[in-house]
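Below is one structure; the comments refer to it alone.
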Amino acid sequence: MGSPQERKRIYIVLGVFGTLALITPFLDLFLQSLVTEILIFGLLAMSLDILLGFTGLASLGHAAYFGVASYASAIVMTKKSWVITYAMYTGASEAGLGLLFLFFVGILVAFIFAAFFGFLAIRAKDVYFLMITLSLAMVVWGLAYRWSAVTEGDNGIIINERPTLLGMSIAEGLPFFYFTLVVFLLCLGALYVIVQSPFGRTLVGIREREERMEMLGYNIWLHKYLAFIIAGTFSGVAGVMWTLYNLFVSPPDVELITSAEALFMVALGGPATLVGPVIGAAIIRSLQQFVSIYVERWPLILGSIYIITIMVSRLYGVDGLLGFAKKFRSSSAASEKSES
Amino acid sequence: MISLSFANVIELSFNSLSYAALLFLLASGLSLIFGVMRIVNLAHAAIFLFAGYISLEFYNIIYGDASILPRIIQALAWAALYFAWHSLSKVSGEGRATLGILGAYIVIEIITSTIWGFNFYELFFPVIKVQKIDKVSFLALSAAIAVSVVMVALGGMFIERFFLRRFGQDTLAQVLVTIGFAFILQDGSLYTWGGDNFIFESPWPFNSSAVIGGISFPLYRLLMIIIAVLVGISLFFGIDRTRLGAIMRATVDDPEMARGIGINTNIVSMSIFAIGALLAAIGGVVGGAFFGVYPGLDFEILPYAFAVVIIGGLGSLVGAVVGSLVVGFMENFGTALFPELSYFALFAPMAIILAIKPTGLFGKG
């Protein structure tokens, strides 16, 4: 696709994930599970990037769609008193399609929530958009926390085992990692195609100059709404993966802090880059795992990282780590040019 | 559905009113900060909790075994640090001065911790041993409010001056920086005062209940209502009837014009942020005898504060009153009548109000 530069970037990304696929079997179990977790949160952050980076809409409720998909897949697997869904799930599992059924349910629920919430939220602008997405996510959190007949409230839902993938077991860490990697790459590919398409370019146009795009005859509302649904649906995929990975769903998965963390991953890695948020997720999640082993004060460090990152990026005008790399490269290219 | 008797309804209404009073103290500051500065302050509930902890330490200094000495040393240590940095940076520039001081700190830390087994950083961040204080006088409560208010207002000015001001209307930066501060305040409190749950005793004569017609009314809740009403009235008159209030309103309506006629809008924004934090601090100290203080309380009550300002309208004082009442009654009656869906009943109308009128019921513009 596109320019040689763009092709080079694709090769780099594929190379990185290919290397990851090759070396992960030689890592210990802790690292394998960390890499899997990074891929799942990377997918969440990447889906938010469609909204924040490409469309310029800061949503403070992205964990809601992640959470509803997570809860939906967990409920389908464990809720025996819901006869119809449970029968459908067990039937699908016996046919070896249990996993596909879970994805179907999770993505569908995330899609429905995103379609409904997006309908309410898209009209609002800037800080009001942020507030309305926040309060919609609080509705979901309130249900997860208090509606214990369905969600088990504060205790969360525990899942006993992962369903099989067409008869193959993904119960062990390594097969599950490969499964996650495949899902991740499929989503990355799909999101890449979306942002490279005319639709994706229009989103960027709306981010840059909304009035001008409106004058040119684009339907702004519809474009934003579709971006919202796409972002919500893909975070639903991450939600189902999270249920399968963790085998446990609880209200903290839906809360404000998770939404803010997803926002931060995007801001840290570099908005409007797709892979940037994944880098952000990798940094935050691995720091969390390693730092909390050695130091008690992880939230203190996390808070400082938030503040320092934002201060540095805003004061020096760089957009996250990839933005920093880009600036570095362009300045060195400029100096090369001036030398020659 | 559970049916309620008349006595239940009276009792629940009283509880709702007192809960609403506390919510008003918490949310009016959030609403003020948003209305004037368009800042979504996610650290607001953390400030509320932090003020509660300050009053806990204050009670411990007055009644308990805690000493004020670590705090005096802390102030001197920070002053010395600033003085050293300031004079070094005159000689060799700010960057080198910072690096030099960091290097000196690491050397001192290694020496003190290996030779005397003493962590040098505890001079700057002392750990305070606190315990539950059983008897608190009304005077001590008032003094605790005063102390917390001053501390928190100063802290708020610091945050606004050195951090938030630099972002202008960059919502994403505001959100992430304030949540960063929320994490730091939360974990800093845990470090300084430990993780126990402390609930304060109500001061005499508010530690008893008035029994009227077989229904008991805890007097402390009455005090909460009185304080909220007093704060609300002074806010209203302060904003609506005084010269300072006029300057504030001018800054909100047209910052450029306000600057043009010689108003220093930077100082105004800093003061507004300090006042917002101060209101949360009053709530935090008063709420200490209601919620108690414990790690995690901040993120538990933050959703309520948002519900209040969203329902009432961001930046409107009347809205904050109405929002607090709505949320207070919804929470108490909702939990009594349909516990499972009470959050849904609270947050769903809020989302719908926002979708129809993004500025909230009483919000402008």
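Ligands are numbered from 1 in the order shown, chains are lettered A, B, ... in the order of the structure tokens, and residues start at 1 in each chain.
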Residues of chain B at most 7 Å from chain A: nearest atom pair and distance in Å, only C-alpha atoms, as JSON lines:
```
{"residue": "B:Thr171", "atom": "CA", "partner": "A:Val127", "partner_atom": "CA", "distance": 6.3}
{"residue": "B:Leu172", "atom": "CA", "partner": "A:Ala58", "partner_atom": "CA", "distance": 6.5}
{"residue": "B:Ala173", "atom": "CA", "partner": "A:Ile310", "partner_atom": "CA", "distance": 6.1}
{"residue": "B:Leu176", "atom": "CA", "partner": "A:Tyr306", "partner_atom": "CA", "distance": 6.3}
{"residue": "B:Val177", "atom": "CA", "partner": "A:Ile307", "partner_atom": "CA", "distance": 5.0}
{"residue": "B:Gly180", "atom": "CA", "partner": "A:Gly303", "partner_atom": "CA", "distance": 3.8}
{"residue": "B:Phe181", "atom": "CA", "partner": "A:Gly303", "partner_atom": "CA", "distance": 6.1}
{"residue": "B:Phe183", "atom": "CA", "partner": "A:Gly303", "partner_atom": "CA", "distance": 5.1}
{"residue": "B:Ile184", "atom": "CA", "partner": "A:Leu300", "partner_atom": "CA", "distance": 4.6}
{"residue": "B:Asp187", "atom": "CA", "partner": "A:Leu300", "partner_atom": "CA", "distance": 5.5}
{"residue": "B:Gly188", "atom": "CA", "partner": "A:Leu300", "partner_atom": "CA", "distance": 6.9}
{"residue": "B:Glu340", "atom": "CA", "partner": "A:Trp147", "partner_atom": "CA", "distance": 4.4}
{"residue": "B:Leu341", "atom": "CA", "partner": "A:Trp147", "partner_atom": "CA", "distance": 5.9}
{"residue": "B:Tyr343", "atom": "CA", "partner": "A:Gly142", "partner_atom": "CA", "distance": 4.7}
{"residue": "B:Phe344", "atom": "CA", "partner": "A:Val139", "partner_atom": "CA", "distance": 5.6}
{"residue": "B:Phe347", "atom": "CA", "partner": "A:Val139", "partner_atom": "CA", "distance": 5.1}
{"residue": "B:Ala348", "atom": "CA", "partner": "A:Val139", "partner_atom": "CA", "distance": 5.8}
{"residue": "B:Ala351", "atom": "CA", "partner": "A:Leu136", "partner_atom": "CA", "distance": 5.7}
{"residue": "B:Leu354", "atom": "CA", "partner": "A:Ile132", "partner_atom": "CA", "distance": 6.2}
{"residue": "B:Ala355", "atom": "CA", "partner": "A:Leu120", "partner_atom": "CA", "distance": 5.0}
{"residue": "B:Pro358", "atom": "CA", "partner": "A:Tyr128", "partner_atom": "CA", "distance": 6.2}
```
Could the residues in this selection be saved with C-alpha atoms as a short mmCIF file (atom, residue, chain, number, x, y, z; two decimals), in the first residue's frame?
```
data_model
loop_
_atom_site.label_atom_id
_atom_site.label_comp_id
_atom_site.auth_asym_id
_atom_site.auth_seq_id
_atom_site.Cartn_x
_atom_site.Cartn_y
_atom_site.Cartn_z
CA THR B 171 -8.89 18.65 27.77
CA LEU B 172 -6.89 15.47 27.38
CA ALA B 173 -3.87 16.96 29.13
CA LEU B 176 -4.48 12.95 32.53
CA VAL B 177 -2.60 15.39 34.75
CA GLY B 180 -1.99 11.71 37.89
CA PHE B 181 -2.38 14.00 40.90
CA PHE B 183 -2.94 8.79 42.12
CA ILE B 184 -0.15 10.72 43.83
CA ASP B 187 -0.73 6.84 47.41
CA GLY B 188 0.95 9.68 49.27
CA GLU B 340 -29.47 -3.57 42.65
CA LEU B 341 -30.40 -0.85 40.21
CA TYR B 343 -26.60 3.22 40.47
CA PHE B 344 -28.36 2.72 37.20
CA PHE B 347 -26.43 7.55 36.35
CA ALA B 348 -28.86 6.81 33.53
CA ALA B 351 -26.52 10.53 30.77
CA LEU B 354 -26.42 15.34 29.10
CA ALA B 355 -27.46 13.94 25.75
CA PRO B 358 -24.96 18.90 27.19
#
```
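Every protein or nucleic acid residue with an atom no more than 6 Å from segment 252-257 of chain B, counting only C-alpha atoms and leaving out same-chain residues fewer than 3 positions away, appears here: Val36, Arg249 and Gly260 of chain B.
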**Message:** According to DSSP computed on the backbone, where in segment 161-244 of chain A is there alpha helix (DSSP H)? Give the residues as an MDAnalysis selection string.
**Reply:** chainID A and resid 173:196 198:208 210:215 220:244
**Request:** Find the residues near Leu97 of chain A: any atom within 12 Å, counting only C-alpha atoms, skip ones fewer than 4 places away on the same chain, and give them as a list in words.
**Result:** Met88, Tyr89, Thr90, Gly91, Ala92, Ser93, Phe101, Leu102, Phe103, Phe104, Pro163, Thr164, Leu165, Leu166, Gly167 and Met168 of chain A
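Comparing A:Gly15, A:Pro252, A:Pro277, A:Gly217 by their smallest distance to Glu300 of chain B, the closest is A:Pro252 (using only C-alpha atoms).
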**Prompt:** Hey, what does DSSP flag as strand (DSSP E or B) within segment 162-279 of chain A? Can you give it to me as a PyMOL selection string?
**Reply:** chain A and resi 165+168+248-249
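Of the residues under consideration (B:Ala277, B:Ile353, B:Val211, B:Ala336), B:Ala336 shows the shortest atom-to-atom contact distance to Ser5 of chain B when counting only C-alpha atoms.
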**Message:** At a cut-off of 9 Å, using only C-alpha atoms, what residues contact Ala307 of chain B? Leave out same-chain residues fewer than 4 positions from it and give the result as a PyMOL selection string.
**Reply:** (chain A and resi 135) or (chain B and resi 27+302-303+311-312+323-324+327+346-347+350)
**Asked** Do you have the atom CA of Ser18 of chain B-atom CA of Arg221 of chain B distance handy?
**Response**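 Pair atom CA of Ser18 of chain B / atom CA of Arg221 of chain B returns 5.4 Å.
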**Message:** List as a ChimeraX atom specification the protein and nucleic acid residues near Ala97 of chain B, meaning an atom at most 12 Å away when only C-alpha atoms are counted, but skip any in the same chain fewer than 2 places from it.
**Reply:** /B:81-95,99-104
**Selected residue of minimal separation from Leu44 of chain A among A:Cys187, A:Val105, A:Val193, A:Val204, counting only C-alpha atoms** = A:Cys187
Determine, using only C-alpha atoms, which residues of segment 287-364 of chain B have any atom at most 10 Å from an atom of segment 46-64 of chain B, and tabulate each with its shortest atom pair and distance in Å to one decimal place, rows ordered by chain and then rising number, as a tab-separated table.
```
residue	atom	partner	partner_atom	distance
B:Gly287	CA	B:Gly52	CA	7.5
B:Gly288	CA	B:Gly52	CA	5.7
B:Ala289	CA	B:Gly52	CA	9.4
B:Phe291	CA	B:Gly52	CA	9.9
B:Gly292	CA	B:Gly52	CA	8.1
B:Val293	CA	B:Gly52	CA	6.3
B:Tyr294	CA	B:Leu49	CA	8.0
B:Pro295	CA	B:Leu49	CA	8.4
B:Gly296	CA	B:Ala46	CA	8.9
B:Leu297	CA	B:Leu49	CA	7.0
B:Asp298	CA	B:Ala46	CA	5.0
B:Phe299	CA	B:Ala46	CA	7.5
B:Ile301	CA	B:Ala46	CA	9.4
B:Leu302	CA	B:Ala46	CA	8.4
```
**Message:** Here is a test: counting only C-alpha atoms, which residue of B:Ile275, B:Leu25, B:Ile133, B:Leu222 is nearest to Phe200 of chain B?
**Reply:**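 Of B:Ile275, B:Leu25, B:Ile133, B:Leu222, the one nearest Phe200 of chain B, counting only C-alpha atoms, is B:Ile133.
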**Message:** Please list as a list in words every residue within 9 Å of Phe184 of chain A, counting only C-alpha atoms and excluding residues in the same chain fewer than 4 positions away.
**Reply:** Leu39, Ile40, Gly42, Leu43, Phe179, Thr180, Leu188, Gly189 and Ala238 of chain A
**Prompt:** Can you tell me, as a list in words, what residues are no more than 10 Å from segment 25-29 of chain A when counting only C-alpha atoms, ignoring any on the same chain fewer than 3 positions away?
**Reply:** Leu20, Ala21, Leu22, Gln32, Ser33, Leu34, Val35, Glu172, Gly173, Leu174, Pro175, Phe177 and Tyr178 of chain A
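Note that the spacing between atom CA of Leu141 of chain B and atom CA of Ala281 of chain B amounts to 12.6 Å.
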**Prompt:** Between atom CA of Glu211 of chain A and atom CA of Ser197 of chain A, what is the distance, to one decimal in Å?
**Reply:**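 These atoms are spaced 21.2 Å apart.
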